[in-house]
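*Asks:* My structure is below; once you've seen it, I'll send some questions.
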Amino acid sequence: MNDPTDSKTVSIIQPAAEEYTRRTVTVDFLYLDNESCDRCMGTEDTLEAALERIEPVLDALDVGITVRDIHVSTLEAAEATQLAVSPTIRVNGRDIQPNYIESTCESCGDLCECEGDVDCRLWQYRGEEYSTAPVGLLVESLVQAIAPNGMQASESRESQAYQLSSNVRDFFEGSDSDESDCGCGC
């Protein structure tokens, strides 16, 4: 079958026969800026570390992981991806920490010469708060997804209707051109 390379909605892959039966977990890493934002860059690094740590488990359970690195660069993209807070990690479509909190992100505030502060995700894990996703939180989330029972749905923000957060909207609003580096309209 030919790959419709001009299609944005269809992609054709040709896995080896031994890969066909392998279960695949999808990890989405969504972020506003992974070149200047310390939280986005740090979370990307801890995601890579977590993936390295669980590789033996993946091999033992014959599970593959596909990571989708998604730079959300416009308000339209934030709405299309249903990004509520940056950075976000989803495993099989579920935010690993749907009940998020935000705090002032100095590096994003420096990036945007906006009035007011820019808030990014503050991760919570085992009673502590972290500016980047802790490796332990990521490993636990990935192991839950690859284990036979998978991730259990809980009553949380994830099960509620999507609504763009005012912070993400504020980050993008006011930018009428694609020339702005940060997308915040400054």
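Ordered as shown in the structure tokens, chains take letters A, B, and onward, while each chain numbers its residues from 1 and ligands are numbered from 1 in the order shown.
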Tell me, as a PyMOL selection string, which residues lie within 10 Å of Ile54 of chain A, counting only C-alpha atoms; anything in the same chain fewer than 2 positions away does not count.

*Replies:* chain A and resi 49-52+56-59+138-140+142-143+146

*Asks:* For Ser166 of chain A, work out the shell of residues within 12 Å, counting only C-alpha atoms and skipping chain neighbours fewer than 3 positions away, then give it as a count of residues only.

*Replies:* 16

*Asks:* When you count only C-alpha atoms, which of these residues is closest to Thr132 of chain A: A:Thr81, A:Thr46, A:Asn34, A:Thr104?

*Replies:*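 Closest to Thr132 of chain A, using only C-alpha atoms: A:Thr46.
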
*Asks:* Nearest to Tyr162 of chain A among A:Gln14, A:Thr26, A:Ser36, A:Gln82, with distances taken over only C-alpha atoms: which residue is it?

*Replies:*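 That would be A:Gln82, the residue with the smallest distance to Tyr162 of chain A.
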
*Asks:* Find the spatial neighbours of Phe29 of chain A, counting only C-alpha atoms, within a cut-off of 7 Å - ignore same-chain residues fewer than 2 positions away - and output them as a ChimeraX atom specification.

*Replies:* /A:27,31,68-70,88-90

*Asks:* One decimal, in Å: what's the spacing between atom CA of Arg22 of chain A and atom CA of Ala60 of chain A?

*Replies:*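 It comes out at 11.4 Å.
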
*Asks:* Out of segment 44-122 of chain A, which residues get strand (DSSP E) from DSSP, as a list in words?

*Replies:*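 Going through segment 44-122 of chain A, the strand (DSSP E) residues come out as Val63, Gly64, Ile65, Thr66, Val67, Arg68, Asp69, Ile70, His71, Thr88, Ile89, Arg90, Val91, Arg94, Asp95, Ile101, Glu102, Ser103, Thr104, Asp119, Cys120, Arg121 and Leu122 of chain A.
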
*Asks:* Using the selection just defined, write its residues with N, CA and C atoms as a CSV table (one decimal), in the first residue's frame.

*Replies:*
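The resulting file, part.csv, is shown below:
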chain,number,residue,atom,x,y,z
A,63,VAL,N,5.9,-4.7,24.8
A,63,VAL,CA,5.2,-3.5,24.6
A,63,VAL,C,6.1,-2.5,24.0
A,64,GLY,N,5.6,-1.7,23.1
A,64,GLY,CA,6.3,-0.6,22.5
A,64,GLY,C,5.7,0.7,22.9
A,65,ILE,N,6.5,1.7,22.8
A,65,ILE,CA,6.0,3.1,23.2
A,65,ILE,C,6.3,4.0,22.0
A,66,THR,N,5.2,4.7,21.6
A,66,THR,CA,5.4,5.8,20.6
A,66,THR,C,5.2,7.1,21.4
A,67,VAL,N,6.3,8.0,21.2
A,67,VAL,CA,6.2,9.3,21.8
A,67,VAL,C,5.9,10.3,20.7
A,68,ARG,N,4.9,11.1,21.0
A,68,ARG,CA,4.6,12.2,20.1
A,68,ARG,C,5.0,13.5,20.7
A,69,ASP,N,5.9,14.2,20.2
A,69,ASP,CA,6.5,15.4,20.6
A,69,ASP,C,5.7,16.6,20.0
A,70,ILE,N,4.9,17.3,20.7
A,70,ILE,CA,3.9,18.2,20.2
A,70,ILE,C,4.2,19.6,20.7
A,71,HIS,N,4.7,20.5,19.8
A,71,HIS,CA,4.9,21.9,20.1
A,71,HIS,C,3.6,22.6,19.8
A,88,THR,N,2.4,19.3,29.3
A,88,THR,CA,1.5,18.2,29.6
A,88,THR,C,2.0,16.9,29.1
A,89,ILE,N,1.9,15.8,29.8
A,89,ILE,CA,2.2,14.5,29.4
A,89,ILE,C,1.0,13.7,29.5
A,90,ARG,N,0.6,13.1,28.3
A,90,ARG,CA,-0.6,12.2,28.3
A,90,ARG,C,-0.1,10.8,27.9
A,91,VAL,N,-0.6,9.8,28.6
A,91,VAL,CA,-0.4,8.4,28.2
A,91,VAL,C,-1.7,7.8,27.8
A,94,ARG,N,-4.6,10.2,28.1
A,94,ARG,CA,-4.9,10.7,29.5
A,94,ARG,C,-3.8,11.4,30.1
A,95,ASP,N,-4.1,12.6,30.6
A,95,ASP,CA,-3.1,13.4,31.3
A,95,ASP,C,-2.7,12.7,32.5
A,101,ILE,N,-1.9,22.0,39.1
A,101,ILE,CA,-1.8,23.4,39.6
A,101,ILE,C,-0.8,24.1,38.7
A,102,GLU,N,-0.9,25.4,38.8
A,102,GLU,CA,0.1,26.2,38.0
A,102,GLU,C,0.8,27.2,39.0
A,103,SER,N,1.9,27.7,38.6
A,103,SER,CA,2.6,28.7,39.3
A,103,SER,C,3.4,29.5,38.3
A,104,THR,N,3.9,30.7,38.7
A,104,THR,CA,4.7,31.6,37.9
A,104,THR,C,5.9,30.9,37.4
A,119,ASP,N,2.1,31.5,33.7
A,119,ASP,CA,2.1,30.3,34.6
A,119,ASP,C,2.3,29.0,33.8
A,120,CYS,N,3.0,28.1,34.4
A,120,CYS,CA,3.2,26.8,33.8
A,120,CYS,C,2.8,25.7,34.9
A,121,ARG,N,2.8,24.5,34.5
A,121,ARG,CA,2.4,23.4,35.4
A,121,ARG,C,3.4,23.3,36.5
A,122,LEU,N,2.8,23.0,37.7
A,122,LEU,CA,3.6,22.6,38.8
A,122,LEU,C,3.2,21.2,39.2

*Asks:* Counting only C-alpha atoms, which residue out of A:Asn167, A:Ser141, A:Leu30, A:Val25 sits closest to Ala77 of chain A?

*Replies:*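 Of all the options, A:Leu30 lies closest to Ala77 of chain A.
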
*Asks:* With DSSP run on the backbone, what are the helix (DSSP H, G or I) residues within segment 31-169 of chain A? I'd like them as a ChimeraX atom specification.

*Replies:* /A:38-61,75-81,106-111,135-146,157-159,166-169
